[in-house]
file structure_4.txt (compact mmCIF, C-alpha atoms)
# COMPACT_ATOMS: atom_id res chain seq x y z
CA MET A 9 69.61 125.99 97.76
CA PRO A 10 71.75 124.55 100.59
CA ILE A 11 70.71 121.08 99.43
CA ALA A 12 72.06 121.79 95.95
CA HIS A 13 75.36 123.04 97.39
CA SER A 14 75.61 119.92 99.53
CA ALA A 15 74.98 117.69 96.51
CA THR A 16 77.66 119.56 94.56
CA ARG A 17 80.20 119.08 97.34
CA ARG A 18 79.38 115.37 97.53
CA SER A 19 79.75 115.07 93.75
CA ARG A 20 83.09 116.84 93.82
CA ALA A 21 84.33 114.63 96.66
CA ARG A 22 83.79 111.61 94.42
CA ARG A 23 86.19 112.93 91.76
CA LEU A 24 89.90 112.13 91.92
CA LEU A 25 92.72 113.35 89.71
CA LEU A 26 95.67 110.95 89.47
CA VAL A 27 98.95 112.58 88.42
CA ALA A 28 101.84 110.48 87.02
CA ILE A 29 103.71 112.90 84.76
CA HIS A 30 107.38 111.92 85.00
CA ASP A 31 108.84 110.42 81.83
CA ARG A 32 110.14 107.43 83.82
CA SER A 33 106.83 106.67 85.52
CA TRP A 34 105.78 103.56 83.60
CA GLY A 35 105.68 101.38 86.72
CA ARG A 36 104.03 104.08 88.81
CA THR A 37 101.46 104.70 86.09
CA LYS A 38 100.68 100.97 86.07
CA MET A 39 100.07 101.22 89.82
CA ALA A 40 97.87 104.27 89.23
CA VAL A 41 95.75 102.37 86.70
CA ARG A 42 95.34 99.45 89.13
CA ALA A 43 94.36 101.90 91.88
CA ALA A 44 91.95 103.68 89.52
CA ARG A 45 90.03 100.46 88.90
CA ASP A 46 89.58 100.05 92.65
CA LEU A 47 88.57 103.69 92.98
CA GLN A 48 86.06 103.38 90.15
CA GLU A 49 84.51 100.32 91.80
CA ALA A 50 84.26 102.35 95.03
CA GLY A 51 82.18 104.94 93.16
CA TYR A 52 84.82 107.50 92.25
CA GLU A 53 85.11 109.36 88.95
CA VAL A 54 88.78 109.22 88.03
CA GLU A 55 90.81 111.26 85.54
CA PHE A 56 94.51 111.09 84.76
CA LEU A 57 97.32 113.48 83.96
CA VAL A 58 100.16 111.31 82.63
CA HIS A 59 103.33 111.52 80.59
CA GLU A 60 102.97 110.96 76.86
CA SER A 61 105.33 107.96 77.06
CA THR A 62 102.74 106.04 79.14
CA ARG A 63 99.76 106.75 76.88
CA ALA A 64 99.53 103.08 75.91
CA LEU A 65 98.58 102.15 79.48
CA LEU A 66 95.39 104.23 79.25
CA GLN A 67 94.58 104.22 75.55
CA GLY A 68 91.26 102.52 74.92
CA GLY A 69 90.57 102.15 78.63
CA PRO A 70 87.71 103.45 80.76
CA PHE A 71 89.47 106.57 82.10
CA ARG A 72 89.76 110.06 80.67
CA PHE A 73 93.33 111.29 80.51
CA GLN A 74 95.51 114.14 79.33
CA THR A 75 99.17 113.75 78.48
CA VAL A 76 102.26 115.83 79.21
CA ARG A 77 105.32 116.10 76.98
CA ASN A 78 108.79 117.15 78.14
CA HIS A 79 108.89 120.21 75.89
CA ILE A 80 106.00 121.81 77.76
CA GLY A 81 108.52 123.54 80.04
CA GLY A 82 107.20 126.08 82.51
CA LEU A 83 103.70 125.79 81.08
CA LEU A 84 103.25 122.55 83.05
CA ARG A 85 102.03 124.45 86.09
CA LEU A 86 99.37 126.18 83.99
CA LEU A 87 98.30 122.80 82.60
CA ILE A 88 97.90 121.30 86.09
CA ASP A 89 96.03 124.42 87.24
CA ALA A 90 93.70 124.18 84.25
CA ARG A 91 93.04 120.47 84.79
CA VAL A 92 92.15 121.05 88.45
CA SER A 93 89.96 124.06 87.60
CA SER A 94 88.08 122.13 84.91
CA PHE A 95 87.67 118.77 86.66
CA LYS A 96 87.18 120.17 90.20
CA PRO A 97 88.43 117.05 92.00
CA GLY A 98 87.80 116.31 95.63
CA GLY A 99 91.33 114.94 95.82
CA ILE A 100 94.62 114.79 93.94
CA VAL A 101 96.88 111.75 94.19
CA TYR A 102 100.49 112.11 93.00
CA PHE A 103 102.16 108.94 91.64
CA ASP A 104 104.43 109.88 93.23
CA PHE A 105 105.21 113.27 94.80
CA PHE A 106 109.02 113.08 94.52
CA ASN A 107 108.92 112.17 90.82
CA THR A 108 106.43 114.97 90.17
CA VAL A 109 108.70 117.51 91.86
CA ASN A 110 111.76 116.19 89.98
CA LEU A 111 110.03 116.78 86.66
CA LEU A 112 108.98 120.30 87.70
CA HIS A 113 112.58 121.17 88.52
CA ARG A 114 113.81 119.71 85.24
CA LEU A 115 111.33 121.88 83.37
CA GLY A 116 112.44 125.01 85.20
CA ILE A 117 109.67 125.21 87.81
CA GLY A 118 111.59 125.62 91.05
CA ASP A 119 108.68 126.29 93.40
CA SER A 120 106.60 123.17 93.89
CA ARG A 121 104.52 124.42 96.81
CA PHE A 122 101.54 124.91 94.48
CA LEU A 123 101.11 121.10 94.35
CA LEU A 124 99.75 121.24 97.91
CA GLY A 125 97.78 124.44 97.42
CA TYR A 126 94.66 123.22 95.63
CA ASP A 127 91.32 123.36 97.42
CA CYS A 128 91.04 119.59 97.84
CA LEU A 129 92.61 116.67 99.62
CA THR A 130 96.21 115.87 98.66
CA ALA A 131 97.56 112.33 98.71
CA SER A 132 100.64 110.61 97.31
CA LEU A 133 101.76 107.16 96.38
CA ASP A 134 104.49 106.24 98.86
CA THR A 135 106.29 103.99 96.39
CA TRP A 136 109.03 102.68 98.64
CA ASP A 137 107.35 102.95 102.09
CA SER A 138 109.50 105.95 103.01
CA ALA A 139 108.99 105.49 106.76
CA GLN A 140 111.14 102.35 106.39
CA THR A 141 113.54 103.22 103.57
CA GLY A 142 114.09 106.96 103.95
CA HIS A 143 114.97 108.95 100.84
CA LEU A 144 118.68 108.22 100.20
CA ILE A 145 119.35 105.75 97.41
CA ASP A 146 122.70 104.04 96.88
CA LEU A 147 124.52 104.88 93.65
CA PRO A 148 126.84 102.75 91.50
CA ASP A 149 129.98 104.32 93.00
CA GLY A 150 128.89 103.50 96.56
CA SER A 151 127.76 107.01 97.46
CA THR A 152 124.16 108.05 98.11
CA ARG A 153 121.82 110.76 96.88
CA SER A 154 118.29 111.81 97.64
CA LEU A 155 115.31 110.63 95.61
CA VAL A 156 114.66 114.38 95.30
CA LEU A 157 117.17 115.71 92.79
CA GLU A 158 117.01 119.41 93.74
CA GLN A 159 115.97 121.37 96.83
CA ALA A 160 115.70 118.11 98.76
CA GLU A 161 115.22 119.65 102.20
CA GLU A 162 112.37 121.88 101.04
CA THR A 163 110.66 119.04 99.14
CA LEU A 164 110.96 116.64 102.08
CA GLY A 165 109.31 119.31 104.21
CA LEU A 166 106.42 119.52 101.76
CA TYR A 167 106.13 115.75 101.63
CA ALA A 168 105.89 115.61 105.42
CA GLN A 169 102.74 117.73 105.12
CA ILE A 170 101.03 115.05 103.03
CA GLU A 171 99.27 113.01 105.69
CA HIS A 172 97.38 110.77 103.28
CA ARG A 173 99.57 108.20 101.57
CA LEU A 174 99.05 105.03 99.59
CA ILE A 175 101.73 102.39 100.19
CA PRO A 176 101.66 99.63 97.54
CA VAL A 177 101.91 95.99 98.62
CA PRO A 178 103.95 94.52 97.14
CA VAL A 179 106.75 95.57 97.40
CA ALA A 180 106.21 96.91 100.94
CA ALA A 181 105.63 94.31 103.65
CA CYS A 182 102.08 92.98 104.00
CA ASP A 183 100.92 94.36 107.34
CA GLY A 184 98.15 96.53 108.72
CA ARG A 185 99.88 99.89 108.76
CA ARG A 186 97.88 102.93 107.65
CA GLY A 187 97.82 103.43 103.89
CA LYS A 188 99.00 99.99 102.82
CA PHE A 189 96.85 98.80 99.94
CA ARG A 190 96.68 95.69 97.80
CA CYS A 191 98.45 96.51 94.54
CA LEU A 192 97.51 93.40 92.58
CA PRO A 193 96.58 92.88 88.94
CA ASP A 194 92.93 92.88 88.02
CA TRP A 195 92.42 89.14 87.68
CA ARG A 196 89.67 89.78 85.13
CA THR A 197 92.23 91.18 82.68
CA CYS A 198 94.40 88.05 82.87
CA ARG A 199 93.78 86.06 79.70
CA TRP A 200 95.47 82.75 78.99
CA ASP A 201 96.47 82.72 75.30
CA LEU A 202 98.45 79.57 74.69
CA GLU A 203 98.61 80.27 70.95
CA ALA A 204 101.38 82.77 71.75
CA ARG A 205 103.82 79.84 71.86
CA GLN A 206 102.82 78.76 68.39
CA ARG A 207 103.23 82.30 67.05
CA LEU A 208 106.81 82.29 68.34
CA GLY A 209 107.49 78.97 66.62
CA LEU A 210 107.82 76.82 69.76
CA SER A 211 107.24 73.13 69.29
CA PRO A 212 106.02 70.75 72.01
CA GLY A 213 108.72 70.13 74.58
CA GLU A 214 110.47 73.46 74.04
CA ARG A 215 110.59 76.04 76.83
CA LEU A 216 109.87 79.77 76.81
CA VAL A 217 111.81 82.05 79.18
CA LEU A 218 110.42 85.60 79.23
CA PHE A 219 112.76 88.51 80.02
CA PRO A 220 111.06 91.95 79.99
CA THR A 221 112.99 95.23 80.16
CA SER A 222 111.93 98.87 80.37
CA PRO A 223 113.21 102.01 78.61
CA TRP A 224 115.04 103.23 81.74
CA GLN A 225 117.14 100.05 81.68
CA GLN A 226 118.55 100.85 78.25
CA PRO A 227 122.35 101.47 78.32
CA ASP A 228 122.00 104.72 76.35
CA ARG A 229 119.76 106.15 79.09
CA LEU A 230 122.15 105.32 81.93
CA PRO A 231 125.25 106.97 83.39
CA ALA A 232 128.55 105.57 82.17
CA ASP A 233 129.22 103.55 85.35
CA SER A 234 125.96 101.57 84.90
CA ARG A 235 126.17 100.75 81.20
CA GLY A 236 128.47 97.77 81.56
CA LEU A 237 126.16 96.16 84.10
CA ALA A 238 123.14 96.91 81.91
CA GLY A 239 124.65 94.75 79.16
CA LEU A 240 126.14 92.14 81.48
CA LEU A 241 123.02 90.67 83.08
CA PRO A 242 121.33 89.69 79.77
CA ARG A 243 124.58 88.07 78.58
CA ILE A 244 124.90 86.04 81.79
CA LEU A 245 121.28 84.93 81.47
CA HIS A 246 121.75 83.97 77.80
CA ARG A 247 124.92 82.06 78.65
CA SER A 248 123.23 80.07 81.44
CA LEU A 249 120.21 79.23 79.28
CA SER A 250 122.46 78.13 76.42
CA LYS A 251 124.17 75.61 78.69
CA LEU A 252 120.78 73.95 79.21
CA GLY A 253 120.28 73.21 75.52
CA SER A 254 118.91 74.63 72.31
CA ARG A 255 115.28 73.80 73.14
CA ILE A 256 115.06 76.91 75.30
CA HIS A 257 113.78 80.14 73.77
CA LEU A 258 114.73 83.45 75.41
CA VAL A 259 111.94 85.91 74.59
CA HIS A 260 112.90 89.49 75.37
CA VAL A 261 110.26 92.23 75.42
CA GLY A 262 111.80 95.69 75.48
CA PRO A 263 112.53 98.92 73.61
CA SER A 264 115.37 97.47 71.50
CA ALA A 265 117.10 94.17 70.84
CA LEU A 266 119.87 92.96 73.13
CA GLU A 267 123.40 92.39 71.84
CA LEU A 268 123.75 88.65 72.40
CA PRO A 269 125.74 85.83 70.75
CA GLN A 270 124.13 84.13 67.76
CA GLU A 271 124.83 80.65 69.07
CA GLY A 272 123.19 79.04 72.07
CA CYS A 273 119.57 79.30 73.15
CA ARG A 274 117.22 80.86 70.61
CA TYR A 275 116.70 84.56 71.18
CA HIS A 276 113.57 86.44 70.15
CA TRP A 277 113.20 90.19 70.52
CA LEU A 278 109.72 91.69 70.66
CA PRO A 279 109.21 95.46 70.95
CA SER A 280 107.26 96.82 73.90
CA CYS A 281 103.62 95.92 73.33
CA ARG A 282 100.09 96.53 74.58
CA ALA A 283 99.15 95.08 77.96
CA GLU A 284 96.91 92.41 76.38
CA GLU A 285 99.73 91.15 74.16
CA PHE A 286 102.18 91.09 77.04
CA ASP A 287 99.68 89.18 79.17
CA SER A 288 99.54 86.54 76.45
CA LEU A 289 103.30 86.12 76.68
CA LEU A 290 103.19 85.93 80.48
CA ALA A 291 100.56 83.21 80.29
CA ALA A 292 102.51 81.29 77.66
CA ALA A 293 105.89 81.50 79.42
CA ASP A 294 107.42 78.63 81.36
CA LEU A 295 109.56 81.04 83.40
CA VAL A 296 109.89 84.81 83.88
CA VAL A 297 113.31 86.25 84.70
CA SER A 298 113.66 89.77 86.11
CA GLY A 299 116.51 91.94 87.33
CA ASN A 300 114.18 94.23 89.26
CA ILE A 301 112.72 93.04 92.54
CA ALA A 302 110.12 95.82 92.43
CA ALA A 303 108.94 95.27 88.84
CA THR A 304 105.17 95.34 88.46
CA THR A 305 105.55 92.37 86.10
CA ASN A 306 106.66 90.17 89.00
CA VAL A 307 103.30 90.09 90.72
CA LYS A 308 101.52 89.67 87.40
CA ALA A 309 103.62 86.58 86.73
CA MET A 310 102.34 85.22 90.03
CA ALA A 311 98.78 85.90 88.90
CA PHE A 312 99.38 83.67 85.88
CA LYS A 313 101.11 81.02 88.00
CA THR A 314 104.24 81.50 85.93
CA PRO A 315 107.41 80.69 87.90
CA LEU A 316 109.55 83.74 88.63
CA LEU A 317 113.29 84.10 89.08
CA VAL A 318 114.79 87.44 90.15
CA LEU A 319 118.50 88.18 89.76
CA ARG A 320 120.50 90.36 92.13
CA ASN A 321 124.14 91.17 92.81
CA SER A 322 125.80 91.68 96.19
CA ARG A 323 129.40 92.11 94.98
CA ARG A 324 131.21 95.33 94.09
CA LEU A 325 133.87 94.70 91.45
CA ARG A 326 135.88 97.75 90.42
CA ARG A 327 138.99 96.30 88.77
CA PRO A 328 140.13 92.99 87.20
CA GLY A 329 141.95 91.99 90.41
CA ASP A 330 138.64 91.96 92.28
CA LEU A 331 137.49 89.00 90.18
CA GLU A 332 139.99 86.75 91.98
CA GLU A 333 137.86 87.05 95.13
CA VAL A 334 134.76 85.62 93.41
CA GLU A 335 134.42 81.85 93.81
CA ARG A 336 133.74 79.42 90.96
CA LEU A 337 134.31 81.82 88.07
CA ASP A 338 135.10 79.99 84.83
CA ASN A 339 137.11 81.76 82.14
CA GLY A 340 134.05 82.52 80.03
CA LEU A 341 132.21 84.29 82.84
CA LYS A 342 135.40 86.02 83.95
CA GLY A 343 135.77 87.44 80.46
CA LEU A 344 132.21 88.80 80.51
CA LEU A 345 132.82 90.44 83.88
CA LYS A 346 136.09 92.06 82.81
CA SER A 347 134.41 93.69 79.83
CA ALA A 348 131.64 95.09 82.04
CA LEU A 349 133.66 96.60 84.92
CA PRO A 350 132.86 98.38 87.17
CA ILE A 351 130.03 96.24 88.55
CA HIS A 352 127.99 97.39 91.54
CA PRO A 353 125.46 95.71 93.87
CA PHE A 354 121.81 95.91 92.84
CA THR A 355 118.31 94.74 93.62
CA VAL A 356 116.89 97.06 90.96
CA TRP A 357 119.00 96.36 87.86
CA PRO A 358 121.00 98.24 86.75
CA LEU A 359 120.45 101.18 89.12
CA GLY A 360 121.41 99.63 92.45
CA TYR A 361 119.08 100.35 95.41
CA GLN A 362 120.45 97.41 97.43
CA ARG A 363 120.98 99.28 100.72
CA PHE A 364 117.97 101.51 100.11
CA LEU A 365 115.48 98.63 99.81
CA GLU A 366 117.00 96.37 102.45
CA PRO A 367 114.68 97.64 105.25
CA ILE A 368 111.50 96.64 103.41
CA LEU A 369 112.81 93.40 101.90
CA SER A 370 114.11 91.95 105.14
CA GLU A 371 111.65 89.33 106.46
CA ASN A 372 109.20 90.26 103.71
CA ALA A 373 107.00 87.35 102.60
CA TYR A 374 107.06 88.76 99.06
CA CYS A 375 110.65 87.55 98.69
CA GLU A 376 109.55 83.97 99.40
CA CYS A 377 107.37 83.89 96.26
CA PHE A 378 110.22 83.56 93.79
CA ASP A 379 113.83 82.47 93.55
CA TRP A 380 116.16 85.38 94.32
CA ILE A 381 119.56 84.39 92.95
CA GLU A 382 122.96 86.02 92.81
CA MET A 383 123.79 86.92 89.21
CA LEU A 384 127.39 85.68 89.61
CA ASP A 385 126.39 82.26 90.99
CA SER A 386 126.11 80.65 87.56
CA GLN A 387 125.91 77.11 88.96
CA LYS A 388 122.90 77.87 91.14
CA LEU A 389 121.31 79.93 88.38
CA GLU A 390 121.55 77.08 85.88
CA GLU A 391 120.36 74.47 88.38
CA ARG A 392 117.35 76.47 89.45
CA VAL A 393 116.35 77.48 85.91
CA GLU A 394 116.43 73.82 84.89
CA GLN A 395 114.27 72.82 87.87
CA LEU A 396 111.69 75.54 87.25
CA LEU A 397 111.51 74.69 83.55
CA TYR A 398 111.28 70.92 83.85
CA SER A 399 110.34 69.84 87.39
CA PRO A 400 106.59 69.80 88.19
CA LEU A 401 107.42 69.56 91.92
CA ALA A 402 109.60 72.70 91.83
CA ARG A 403 106.94 74.63 89.94
CA GLN A 404 104.12 73.50 92.23
CA SER A 405 106.13 74.43 95.33
CA MET A 406 106.55 77.97 94.01
CA TRP A 407 102.87 78.21 93.07
CA ARG A 408 101.84 77.27 96.61
CA ARG A 409 104.06 79.98 98.11
CA GLN A 410 102.71 82.53 95.65
CA GLU A 411 99.08 81.60 96.31
CA ALA A 412 99.54 81.97 100.07
CA TYR A 413 101.16 85.38 99.64
CA LEU A 414 98.56 86.68 97.16
CA ASP A 415 95.80 85.51 99.49
CA SER A 416 97.32 87.55 102.35
CA VAL A 417 97.73 90.66 100.18
CA SER A 418 94.18 90.39 98.84
CA ARG A 419 92.91 90.87 102.39
CA LEU A 420 94.43 94.37 102.60
CA PRO A 421 92.21 97.41 101.90
CA SER A 422 92.08 98.66 98.31
CA ALA A 423 93.25 102.12 97.29
CA GLY A 424 89.58 103.06 96.99
CA GLU A 425 88.88 102.03 100.56
CA TRP A 426 91.79 104.12 101.84
CA MET A 427 90.68 107.15 99.83
CA ASN A 428 87.19 106.72 101.24
CA SER A 429 88.59 106.90 104.75
CA TYR A 430 90.77 109.90 103.89
CA LEU A 431 87.90 111.87 102.35
CA ASN A 432 85.26 111.08 104.97

call {"tool": "encode", "arguments": {"input": "structure_4.txt", "output": "C-alpha cells"}}
result
Amino acid sequence: MPIAHSATRRSRARRLLLVAIHDRSWGRTKMAVRAARDLQEAGYEVEFLVHESTRALLQGGPFRFQTVRNHIGGLLRLLIDARVSSFKPGGIVYFDFFNTVNLLHRLGIGDSRFLLGYDCLTASLDTWDSAQTGHLIDLPDGSTRSLVLEQAEETLGLYAQIEHRLIPVPVAACDGRRGKFRCLPDWRTCRWDLEARQRLGLSPGERLVLFPTSPWQQPDRLPADSRGLAGLLPRILHRSLSKLGSRIHLVHVGPSALELPQEGCRYHWLPSCRAEEFDSLLAAADLVVSGNIAATTNVKAMAFKTPLLVLRNSRRLRRPGDLEEVERLDNGLKGLLKSALPIHPFTVWPLGYQRFLEPILSENAYCECFDWIEMLDSQKLEERVEQLLYSPLARQSMWRRQEAYLDSVSRLPSAGEWMNSYLN
C-alpha cells in the first residue's frame, strides 16, 4: 500500500497546471505554450487554464485546456478550485501572478490569497525580472503606477512568498541567475513558406515589410492620452517606406486595418491569423518592424533570420511649441506630430515603459540583435530600412549578431529543467 501511495505522489508531481487567464495575456500565453513544450519533453503532463481570447494559441495543439470568459465574475475562483481538484497538479505556474490578481479584482474577487493556498508547489512567470525592474511602470503623463492595479501592498506581499519563479530570456539579460530560462521558439515549428509572397502579389525585386500589432495596441482600447501615439507610429513608418519607392509592400497583421494614406508604399492588412500562417509571413518577409521591444515576435523573427527593426521614442512632446526642440523635422512630419499630441516616451508602444524597462535593457545583448531606432529620426529610419532591405552585407551582419545571441540563450536551462529543480 505505501508503494501505491508513493507512485501516486510521483504521478501527481509530474502534473503542472499553467494559468494565463487575463484577457491581455496573449504574449504571456505564448510564453506559457513555449514553456509547456519544454515541460512536456521533461516528462510533465501539462494542462492550461487560459482566457478565451487566446484559444487560438492552443487549439489543435497537444495540450488540454479550459478557457475563461470575462463574464464569469466571482465564479472564477470556483472554476480554478475545480480545475485543481480534478487535475490534482503537483504545481501551479501563473503566467503571471500580477495579471492573474488584476483579473480577479476586476471580476470582484478581492481576496487573492487562495492562489497560494493549494496543496502543491506555486510558481510564477516573472515577466519583467522584477528584482531588476521593480513594479512601478511609467505612464503617458510621466507619473507611475504599480503593475498591481488594486491592493498593491498586499499583492506584493503575496508575490514575495512565491520563491519559485521563471524569468524569460529574452527580454531579461542572459545570465546564470536562478530561474532564468531560454524562452525561444520551437525551431521545429518554423516553416519556410516562400509562396506567401506570391499570395500577396509580390513580384521579383519587390520587398515585404511585416508590421504586426496586437489587440491591446488598438486605439479604442487605450486611454485618451495614448491614442494619438497609437496612430502616429504606423503613419511615420508608412511615410518612411513610401519615400523609398512603390516596390515596398507594408504588410500589417492585426485586429483591424490601419488608417493610412492611399498613396505611397502598398499597404496590405491581414487579420490576426493562426501561428502557422503568421510563421509563413515571417519567413517570407524581408524586414520585420516592431514598436514593442518585448514582443514575442521579435525573437521569432530572429529564428527565421528575418532582419528586425524596433522603434522607440525618448522625447516627451506635450504642446506644439515642443516640436521646435526636435531637430530635422520637415513640415510633413511636423504635421503628423501636431495631430497626435501629446506624445510620450516608449519602449513598449504605445504604453510607455521606458523608465521601467531601462534596468534590464541596459547592457543587454538582446538589444544588439536588431536596430533600435528613434521614431522621430526619420533620416536614420529611412537609411537603415533601405540598408536592411537591399544590402546583403547589412543583413548578414545582423544575422551574425542574432546567431551569437541565440546560441548564448540556448545554453540556459529550459523551463522544464527549472521546474524539475523546484519540485525535487

call {"tool": "closest_residue", "arguments": {"input": "structure_4.txt", "among": "A:Pro193, A:Ile175, A:Arg255, A:Pro223", "to": "Arg32 of chain A", "atoms": "only C-alpha atoms"}}
result
A:Pro223

call {"tool": "closest_residue", "arguments": {"input": "structure_4.txt", "among": "A:Ile301, A:Tyr275, A:Glu390, A:Val27", "to": "Lys251 of chain A", "atoms": "all atoms listed in the file"}}
result
A:Glu390

call {"tool": "atom_distance", "arguments": {"input": "structure_4.txt", "atom1": "atom CA of His172 of chain A", "atom2": "atom CA of Leu369 of chain A"}}
result
23.3 Å

call {"tool": "atom_distance", "arguments": {"input": "structure_4.txt", "atom1": "atom CA of Ala293 of chain A", "atom2": "atom CA of Leu396 of chain A"}}
result
11.4 Å

call {"tool": "closest_atom_pairs", "arguments": {"input": "structure_4.txt", "of": "segment 139-181 of chain A", "to": "segment 410-428 of chain A", "cutoff": "9 Å", "atoms": "all atoms listed in the file", "output": "JSON lines"}}
result
{"residue": "A:His172", "atom": "CA", "partner": "A:Met427", "partner_atom": "CA", "distance": 8.4}
{"residue": "A:Arg173", "atom": "CA", "partner": "A:Trp426", "partner_atom": "CA", "distance": 8.8}
{"residue": "A:Leu174", "atom": "CA", "partner": "A:Ala423", "partner_atom": "CA", "distance": 6.9}
{"residue": "A:Ile175", "atom": "CA", "partner": "A:Ala423", "partner_atom": "CA", "distance": 9.0}
{"residue": "A:Pro176", "atom": "CA", "partner": "A:Ala423", "partner_atom": "CA", "distance": 8.8}
{"residue": "A:Val177", "atom": "CA", "partner": "A:Val417", "partner_atom": "CA", "distance": 7.0}
{"residue": "A:Pro178", "atom": "CA", "partner": "A:Val417", "partner_atom": "CA", "distance": 7.9}

call {"tool": "closest_residue", "arguments": {"input": "structure_4.txt", "among": "A:Asp137, A:Val261, A:Leu345, A:Glu162", "to": "Ala283 of chain A", "atoms": "only C-alpha atoms"}}
result
A:Val261

call {"tool": "residues_around", "arguments": {"input": "structure_4.txt", "residues": "Tyr167 of chain A", "least_positions_apart": "6", "cutoff": "9 Å", "atoms": "all atoms listed in the file", "output": "list in words"}}
result
Phe105, Phe106 and Ser132 of chain A

call {"tool": "atom_distance", "arguments": {"input": "structure_4.txt", "atom1": "atom CA of Ser250 of chain A", "atom2": "atom CA of Glu391 of chain A"}}
result
12.7 Å

call {"tool": "residues_near_point", "arguments": {"input": "structure_4.txt", "point": "(118.9, 97.8, 73.3)", "cutoff": "12 Å", "atoms": "only C-alpha atoms", "output": "JSON, numbers by chain"}}
result
{"A": [220, 221, 222, 223, 224, 225, 226, 227, 228, 229, 230, 235, 238, 239, 242, 260, 261, 262, 263, 264, 265, 266, 267, 268, 277, 278, 279, 280]}

call {"tool": "closest_residue", "arguments": {"input": "structure_4.txt", "among": "A:Leu365, A:Leu319, A:Leu431, A:Ala292", "to": "Tyr52 of chain A", "atoms": "only C-alpha atoms"}}
result
A:Leu431

call {"tool": "closest_residue", "arguments": {"input": "structure_4.txt", "among": "A:Arg324, A:Arg85, A:Lys388, A:Arg363", "to": "His143 of chain A", "atoms": "all atoms listed in the file"}}
result
A:Arg363

call {"tool": "closest_residue", "arguments": {"input": "structure_4.txt", "among": "A:Ser399, A:Leu316, A:Leu341, A:Pro367", "to": "Ile381 of chain A", "atoms": "all atoms listed in the file"}}
result
A:Leu316

call {"tool": "axis_aligned_box", "arguments": {"input": "structure_4.txt", "around": "segment 45-50 of chain A", "padding_each_side": "8 Å", "output": "lines of an AutoDock Vina configuration file"}}
result
center_x = 87.1
center_y = 101.9
center_z = 92.0
size_x = 21.8
size_y = 19.6
size_z = 22.1

call {"tool": "build_atoms", "arguments": {"input": "structure_4.txt", "residues": "segment 374-379 of chain A", "atoms": "all heavy atoms", "output": "CSV table (one decimal), in the frame of the given file"}}
result
chain,number,residue,atom,x,y,z
A,374,TYR,N,107.0,88.6,100.5
A,374,TYR,CA,107.1,88.8,99.1
A,374,TYR,C,108.3,88.0,98.5
A,374,TYR,O,108.2,87.4,97.4
A,374,TYR,CB,107.1,90.3,98.7
A,374,TYR,CG,107.4,90.6,97.3
A,374,TYR,CD1,106.6,90.3,96.3
A,374,TYR,CD2,108.6,91.3,97.0
A,374,TYR,CE1,106.9,90.7,95.0
A,374,TYR,CE2,108.9,91.7,95.7
A,374,TYR,CZ,108.0,91.4,94.7
A,374,TYR,OH,108.3,91.7,93.4
A,375,CYS,N,109.4,88.1,99.2
A,375,CYS,CA,110.6,87.6,98.7
A,375,CYS,C,110.7,86.0,98.7
A,375,CYS,O,111.6,85.4,98.2
A,375,CYS,CB,111.8,88.1,99.5
A,375,CYS,SG,112.0,89.9,99.4
A,376,GLU,N,109.6,85.4,99.4
A,376,GLU,CA,109.6,84.0,99.4
A,376,GLU,C,108.8,83.4,98.2
A,376,GLU,O,108.6,82.2,98.1
A,376,GLU,CB,108.9,83.5,100.7
A,376,GLU,CG,109.7,84.0,101.9
A,376,GLU,CD,108.9,83.7,103.2
A,376,GLU,OE1,107.9,83.0,103.1
A,376,GLU,OE2,109.4,84.1,104.3
A,377,CYS,N,108.2,84.3,97.4
A,377,CYS,CA,107.4,83.9,96.3
A,377,CYS,C,108.1,83.6,95.0
A,377,CYS,O,107.5,83.2,94.0
A,377,CYS,CB,106.3,85.0,96.0
A,377,CYS,SG,105.2,85.3,97.4
A,378,PHE,N,109.4,83.8,95.0
A,378,PHE,CA,110.2,83.6,93.8
A,378,PHE,C,111.6,83.2,94.2
A,378,PHE,O,112.0,83.2,95.4
A,378,PHE,CB,110.3,84.8,92.9
A,378,PHE,CG,110.6,86.1,93.7
A,378,PHE,CD1,111.9,86.4,94.0
A,378,PHE,CD2,109.5,86.9,94.1
A,378,PHE,CE1,112.1,87.6,94.7
A,378,PHE,CE2,109.8,88.1,94.8
A,378,PHE,CZ,111.1,88.4,95.1
A,379,ASP,N,112.4,82.8,93.3
A,379,ASP,CA,113.8,82.5,93.6
A,379,ASP,C,114.6,83.7,93.3
A,379,ASP,O,114.6,84.3,92.2
A,379,ASP,CB,114.3,81.4,92.6
A,379,ASP,CG,113.9,80.0,93.1
A,379,ASP,OD1,113.3,79.9,94.2
A,379,ASP,OD2,114.1,79.0,92.4
